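> Structure supplied as my_file35.cif; contents: mmCIF, C-alpha atoms.
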data_run
#
loop_
_atom_site.label_atom_id
_atom_site.label_comp_id
_atom_site.auth_asym_id
_atom_site.auth_seq_id
_atom_site.Cartn_x
_atom_site.Cartn_y
_atom_site.Cartn_z
CA MET W 5 0.00 0.00 0.00
CA SER W 6 1.22 3.50 -0.84
CA GLN W 7 2.59 5.54 2.03
CA LEU W 8 0.17 8.24 0.84
CA ALA W 9 -2.88 6.08 1.47
CA GLY W 10 -5.29 7.79 3.79
CA LYS W 11 -3.82 11.24 3.27
CA LYS W 12 -6.18 13.98 2.14
CA LEU W 13 -5.60 16.15 -0.95
CA GLY W 14 -7.65 19.21 -1.89
CA ILE W 15 -7.53 20.59 -5.44
CA LEU W 16 -9.05 23.92 -6.44
CA VAL W 17 -9.58 24.44 -10.17
CA SER W 18 -10.65 27.76 -11.64
CA VAL W 19 -10.07 27.25 -15.35
CA GLY W 20 -12.20 25.59 -18.01
CA SER W 21 -11.58 22.24 -19.63
CA THR W 22 -9.59 23.70 -22.53
CA ALA W 23 -6.94 25.16 -20.24
CA ALA W 24 -3.81 23.20 -19.46
CA GLY W 25 -4.41 23.70 -15.75
CA PHE W 26 -7.64 21.70 -15.92
CA ALA W 27 -5.88 18.70 -17.45
CA HIS W 28 -3.14 18.99 -14.85
CA ALA W 29 -5.75 19.00 -12.08
CA VAL W 30 -7.44 15.89 -13.46
CA GLY W 31 -4.07 14.22 -13.87
CA LEU W 32 -3.09 14.96 -10.30
CA ALA W 33 -6.45 13.79 -9.00
CA THR W 34 -6.08 10.55 -10.96
CA ALA W 35 -2.60 9.89 -9.60
CA ALA W 36 -3.71 10.70 -6.07
CA ILE W 37 -6.68 8.34 -6.21
CA GLU W 38 -4.47 5.58 -7.59
CA ALA W 39 -2.15 6.13 -4.61
CA GLY W 40 -5.03 5.74 -2.17
CA VAL W 41 -5.26 9.44 -1.32
CA ASP W 42 -8.64 10.83 -0.30
CA THR W 43 -9.08 13.38 -3.07
CA TYR W 44 -11.36 16.40 -3.17
CA VAL W 45 -11.75 18.64 -6.24
CA TYR W 46 -13.55 21.99 -6.02
CA CYS W 47 -14.43 23.61 -9.35
CA ILE W 48 -14.81 27.37 -9.15
CA ASP W 49 -15.11 30.24 -11.63
CA GLU W 50 -14.75 28.92 -15.22
CA ALA W 51 -14.17 25.38 -13.98
CA VAL W 52 -17.85 25.03 -13.11
CA THR W 53 -18.48 24.80 -16.86
CA ALA W 54 -16.35 21.64 -16.94
CA ILE W 55 -17.83 19.48 -14.20
CA ALA W 56 -19.33 17.12 -16.78
CA GLU W 57 -15.94 16.57 -18.40
CA PRO W 58 -15.59 12.78 -18.82
CA GLY W 59 -12.11 12.57 -17.33
CA LEU W 60 -13.36 14.21 -14.17
CA GLN W 61 -16.61 12.26 -13.95
CA ALA W 62 -14.74 8.99 -14.46
CA LEU W 63 -12.95 9.59 -11.17
CA ARG W 64 -16.10 9.82 -9.09
CA PRO W 65 -16.86 6.08 -8.97
CA ARG W 66 -13.23 5.63 -7.97
CA GLY W 67 -13.67 7.83 -4.92
CA LEU W 68 -13.26 11.44 -6.05
CA ARG W 69 -15.32 13.91 -4.05
CA LEU W 70 -16.28 16.55 -6.60
CA TYR W 71 -17.63 19.95 -5.57
CA ALA W 72 -18.74 22.86 -7.71
CA CYS W 73 -19.24 26.49 -6.79
CA ALA W 74 -22.98 27.05 -6.52
CA TYR W 75 -22.57 30.81 -7.03
CA GLY W 76 -20.50 30.35 -10.17
CA ALA W 77 -22.96 27.84 -11.55
CA GLN W 78 -25.93 30.10 -10.86
CA ARG W 79 -24.22 33.07 -12.56
CA ARG W 80 -23.52 30.98 -15.64
CA GLY W 81 -26.97 29.43 -15.82
CA ILE W 82 -25.67 25.97 -15.10
CA PRO W 83 -28.42 23.92 -13.47
CA LEU W 84 -27.73 22.01 -10.29
CA SER W 85 -27.22 18.34 -11.10
CA GLU W 86 -25.89 15.08 -9.77
CA GLU W 87 -22.57 15.64 -11.50
CA ALA W 88 -21.13 17.40 -8.47
CA THR W 89 -22.00 18.59 -5.00
CA PHE W 90 -22.80 22.28 -5.35
CA ALA W 91 -21.47 24.23 -2.42
CA GLY W 92 -20.19 27.59 -1.21
CA LEU W 93 -16.88 28.98 -0.07
CA THR W 94 -17.22 27.42 3.36
CA VAL W 95 -16.36 24.11 1.71
CA VAL W 96 -13.21 25.67 0.22
CA SER W 97 -12.35 26.89 3.69
CA ASP W 98 -12.97 23.42 5.11
CA LEU W 99 -10.83 21.77 2.47
CA MET W 100 -7.98 24.20 3.00
CA SER W 101 -7.94 23.52 6.71
CA ALA W 102 -8.74 19.80 6.76
CA THR W 103 -6.58 18.41 3.97
CA ASP W 104 -2.94 17.43 4.28
CA ARG W 105 -2.15 19.29 1.08
CA PHE W 106 -4.17 21.81 -0.89
CA VAL W 107 -3.15 22.91 -4.37
CA SER W 108 -4.70 25.09 -7.00
CA PHE W 109 -4.76 25.18 -10.79
CA ASN W 110 -5.72 28.57 -12.16
CA MET K 21 3.31 21.98 18.89
CA PRO K 22 3.60 25.74 18.31
CA VAL K 23 0.49 27.78 18.95
CA ALA K 24 1.44 30.52 16.52
CA ARG K 25 4.01 31.26 13.84
CA LEU K 26 5.42 34.29 12.11
CA ILE K 27 4.79 34.60 8.37
CA SER K 28 5.95 38.17 7.89
CA PRO K 29 7.38 40.88 10.12
CA VAL K 30 3.86 42.05 10.97
CA THR K 31 1.67 38.95 10.78
CA ILE K 32 1.26 36.23 13.35
CA VAL K 33 -1.12 33.40 12.61
CA GLN K 34 -2.57 30.72 14.83
CA ALA K 35 -1.04 27.30 14.31
CA SER K 36 -4.44 25.90 13.40
CA GLN K 37 -4.79 28.34 10.49
CA ARG K 38 -3.58 27.61 6.98
CA THR K 39 -1.72 30.47 5.33
CA VAL K 40 -3.05 31.34 1.89
CA LEU K 41 -1.57 33.80 -0.60
CA VAL K 42 -4.07 35.05 -3.19
CA LEU K 43 -2.01 36.49 -6.02
CA VAL K 44 -3.87 38.56 -8.59
CA THR K 45 -2.20 39.58 -11.85
CA THR K 46 -5.10 39.83 -14.29
CA ASP K 47 -6.42 43.19 -15.48
CA PRO K 48 -9.80 43.79 -13.79
CA GLN K 49 -10.89 45.97 -16.72
CA GLU K 50 -10.50 43.01 -19.09
CA SER K 51 -11.42 40.03 -16.94
CA ALA K 52 -13.75 39.13 -14.09
CA ARG K 53 -11.10 36.85 -12.57
CA PRO K 54 -9.79 39.52 -10.16
CA ALA K 55 -13.34 40.04 -8.88
CA GLU K 56 -13.62 36.29 -8.33
CA ALA K 57 -10.26 36.30 -6.54
CA ILE K 58 -11.46 39.04 -4.21
CA ARG K 59 -14.70 37.12 -3.59
CA ILE K 60 -12.78 33.95 -2.77
CA ALA K 61 -10.30 35.76 -0.51
CA ALA K 62 -13.09 37.47 1.39
CA GLY K 63 -15.35 34.42 1.46
CA VAL K 64 -12.69 32.02 2.70
CA GLY K 65 -11.12 34.49 5.10
CA VAL K 66 -14.37 35.20 6.87
CA TRP K 67 -14.45 31.68 8.32
CA GLY K 68 -11.21 32.25 10.21
CA ARG K 69 -9.69 28.88 9.35
CA ALA K 70 -7.19 30.44 6.97
CA GLN K 71 -5.01 33.51 7.17
CA ILE K 72 -5.32 35.14 3.77
CA THR K 73 -2.77 37.50 2.24
CA LEU K 74 -3.84 39.39 -0.85
CA TYR K 75 -1.20 40.52 -3.36
CA LEU K 76 -1.98 42.64 -6.42
CA ARG K 77 0.48 42.83 -9.31
CA GLY K 78 0.60 44.92 -12.47
CA PRO K 79 -2.82 45.93 -13.77
CA ALA K 80 -4.52 44.19 -10.85
CA VAL K 81 -3.73 47.20 -8.65
CA LYS K 82 -6.77 48.83 -10.32
CA VAL K 83 -8.78 46.78 -7.83
CA LEU K 84 -7.86 49.50 -5.35
CA ALA K 85 -9.44 52.27 -7.41
CA GLU K 86 -11.71 54.49 -5.35
CA PHE K 87 -14.50 54.18 -7.91
CA PRO K 88 -14.27 50.78 -9.63
CA ASP K 89 -17.08 51.61 -12.07
CA ASP K 90 -15.13 50.56 -15.13
CA LEU K 91 -14.02 47.22 -13.69
CA LEU K 92 -15.77 44.03 -14.76
CA ASP K 93 -18.14 42.71 -12.11
CA GLU K 94 -17.67 45.89 -10.10
CA ASP K 95 -20.46 44.95 -7.68
CA SER K 96 -18.23 42.21 -6.35
CA TYR K 97 -15.66 44.77 -5.20
CA ALA K 98 -18.25 46.85 -3.38
CA ARG K 99 -19.52 43.72 -1.66
CA HIS K 100 -16.27 42.01 -0.76
CA LEU K 101 -13.56 44.65 -0.27
CA PRO K 102 -15.14 45.76 3.03
CA LEU K 103 -14.71 42.19 4.33
CA ILE K 104 -11.03 42.32 3.43
CA ARG K 105 -10.70 45.68 5.18
CA GLU K 106 -11.78 43.93 8.37
CA TRP K 107 -8.59 41.86 8.28
CA ARG K 108 -6.87 45.02 9.58
CA ARG K 109 -3.68 44.38 7.69
CA PRO K 110 -2.58 45.89 4.40
CA VAL K 111 -3.03 44.43 0.97
CA LEU K 112 0.35 43.84 -0.64
CA VAL K 113 0.97 45.42 -4.06
CA GLU K 114 3.80 45.33 -6.55
CA ARG K 115 6.22 48.15 -5.81
CA GLY K 116 6.03 50.75 -8.54
CA ALA K 117 3.16 49.09 -10.41
CA GLU K 118 1.74 51.23 -13.16
CA GLY K 119 -1.49 52.74 -11.93
CA LEU K 120 -0.49 53.01 -8.29
CA ALA K 121 0.23 56.70 -8.71
CA GLN K 122 -3.30 57.24 -10.00
CA LEU K 123 -4.87 55.82 -6.86
CA ALA K 124 -6.34 58.73 -4.97
CA ALA K 125 -8.25 57.27 -2.07
CA ALA K 126 -7.87 53.50 -2.09
CA PRO K 127 -10.60 51.60 -0.23
CA LEU K 128 -7.98 49.46 1.52
CA ASP K 129 -4.63 50.12 3.12
CA TYR K 130 -1.85 48.75 0.98
CA ARG K 131 1.86 48.21 1.23
CA GLU K 132 4.23 48.09 -1.71
CA ILE K 133 6.68 45.19 -1.82
CA ASP K 134 9.40 44.29 -4.33
CA ASP K 135 9.90 40.88 -5.92
CA ASP K 136 12.36 39.73 -3.28
CA GLU K 137 9.76 40.37 -0.61
CA LEU K 138 7.13 38.62 -2.73
CA ALA K 139 9.38 35.57 -2.93
CA LEU K 140 9.65 35.56 0.85
CA VAL K 141 5.91 35.98 1.26
CA ALA K 142 5.19 33.13 -1.18
CA ALA K 143 7.70 30.88 0.56
CA THR K 144 6.05 31.42 3.93
CA HIS K 145 2.52 30.59 2.76
CA GLU K 146 1.25 27.04 2.52
CA ILE K 147 -1.21 27.64 -0.29
CA VAL K 148 -0.92 29.97 -3.29
CA LEU K 149 -3.89 30.81 -5.49
CA ARG K 150 -3.18 32.81 -8.65
CA PHE K 151 -5.79 34.67 -10.63
#
Can you give me the file's structure in the form of structure tokens?

Amino acid sequence: MSQLAGKKLGILVSVGSTAAGFAHAVGLATAAIEAGVDTYVYCIDEAVTAIAEPGLQALRPRGLRLYACAYGAQRRGIPLSEEATFAGLTVVSDLMSATDRFVSFN
Amino acid sequence: MPVARLISPVTIVQASQRTVLVLVTTDPQESARPAEAIRIAAGVGVWGRAQITLYLRGPAVKVLAEFPDDLLDEDSYARHLPLIREWRRPVLVERGAEGLAQLAAAPLDYREIDDDELALVAATHEIVLRF
């Protein structure tokens, strides 16, 4: 078992699916899940337009906890759905304080 | 376990708080990303679990304009800058950034820092968000 198993990783993404940062975030989330890390991704700003991206959704059955900014979704006319848990900045605050490592891709 | 630590000559944070540097470089007249950065900084900081430092670079110093009417999503500044003012510590800005001289009455106290100081600030924060 990986020495990272059981650790917690938070990832904040603020760019859409066409940006390199989004692919990097998905790649990091994939590697973390494969290493047994509890992985949380929060999509904010433009990233809320990419929550349905297949690479991201494919990680959910494997354990990814996926959050999306409810405010950003509402401003962009994106309906609430089962593709993510829609939440506010208190969840970002929780993730920053409760994860072992928190990184951001902007 | 330490109960507090020093992250700059003027800032002491509780050991339970994460230190977060929100670095804004985008032009707020051309993008709404700086407004989102300010919203995130204010919205996360209000919970007290993180010690937020806000740094404005280049055209992002326009965020400190007294009347941000020509900034994209200007309502966000009116709503969230007062929350940042309650931190009671200055916003950091790029020393000599173009536009600083045009600031008459900035809504927040600010302190100019050079790139060496920015490097130190970044190195002493656990999380860096760039917009």
> On this structure, which residues satisfy the PyMOL selection byres ((chain W) within 8 of (chain K)), written as number ranges by chain?
W: 49, 93-94, 96-98, 100-101, 106-110
> Show me, as a PyMOL selection string, the residues that have an atom within 12 Å of Gln61 in chain W when counting all atoms listed in the file, minus same-chain residues fewer than 5 positions from it.
chain W and resi 30+33-34+45+54-56+66-71+86-88
> Might you spell out which residues the PyMOL selection byres ((chain W and resi 26) around 12) would select in the displayed file, as a ChimeraX atom specification?
/W:15-25,27-33,45-48,50-55,57,59-60,108-110
> For each of K:Ala117, K:Val42, K:Ile133, K:Ala142, take the minimum atom-to-atom distance to Lys82 in chain K, counting all atoms listed in the file, then give the residue where this is smallest.
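For Lys82 in chain K, the nearest of the candidates is K:Ala117.
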> Got a sec: who's within 9 Å of Gly116 in chain K, counting all atoms listed in the file, leaving out chain neighbours fewer than 3 positions off, as an mmCIF file with C-alpha atoms, in the frame of the given file?

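Wrote result.cif, looks like this:
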data_model
loop_
_atom_site.group_PDB
_atom_site.id
_atom_site.type_symbol
_atom_site.label_atom_id
_atom_site.label_comp_id
_atom_site.auth_asym_id
_atom_site.auth_seq_id
_atom_site.Cartn_x
_atom_site.Cartn_y
_atom_site.Cartn_z
ATOM 1 C CA GLY K 78 0.600 44.920 -12.470
ATOM 2 C CA VAL K 113 0.970 45.420 -4.060
ATOM 3 C CA GLY K 119 -1.490 52.740 -11.930
ATOM 4 C CA LEU K 120 -0.490 53.010 -8.290
ATOM 5 C CA ALA K 121 0.230 56.700 -8.710
ATOM 6 C CA GLU K 132 4.230 48.090 -1.710
ATOM 7 C CA ILE K 133 6.680 45.190 -1.820
ATOM 8 C CA ASP K 134 9.400 44.290 -4.330
#
> Work out how far apart CA of Pro65 in chain W and CA of Ala91 in chain W are and give it in Å to one decimal.
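Interatomic distance here is 19.8 Å.
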> Expressed in Å to a single decimal, how great is the separation between CA of Leu123 in chain K and CA of Glu94 in chain K?
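Value for the CA of Leu123 in chain K-CA of Glu94 in chain K distance: 16.5 Å.
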> Taking all atoms listed in the file into account, name the residue in K:Glu106, K:Pro79, K:Leu43, K:Val141 that is nearest to Glu118 in chain K.
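Checking each candidate against Glu118 in chain K, we get K:Pro79 as the closest.
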> Using the chain letters and residue numbers of this document, give as a list of chain:residue names the residues selected by the PyMOL selection byres ((chain K and resi 48) around 9).
K:Thr45, K:Thr46, K:Asp47, K:Gln49, K:Glu50, K:Ser51, K:Ala52, K:Arg53, K:Pro54, K:Ala55, K:Pro79, K:Ala80, K:Val81, K:Lys82, K:Val83, K:Asp90, K:Leu91, K:Leu92, K:Asp93, K:Glu94
> What does the distance between CA of Arg131 in chain K and CA of Leu112 in chain K come to in Å, to one decimal place?
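Interatomic distance, CA of Arg131 in chain K to CA of Leu112 in chain K: 5.0 Å.
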> Using all atoms listed in the file - which residues lie no farther than 10 Å from the point (-4.0, 17.6, 4.1) in the file's frame? Write them as a list in words.
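In the file's frame, the residues around the point are Gly10, Lys11, Lys12, Leu13, Gly14, Val41, Asp42, Thr43, Leu99, Met100, Ser101, Ala102, Thr103, Asp104, Arg105 and Phe106 of chain W.
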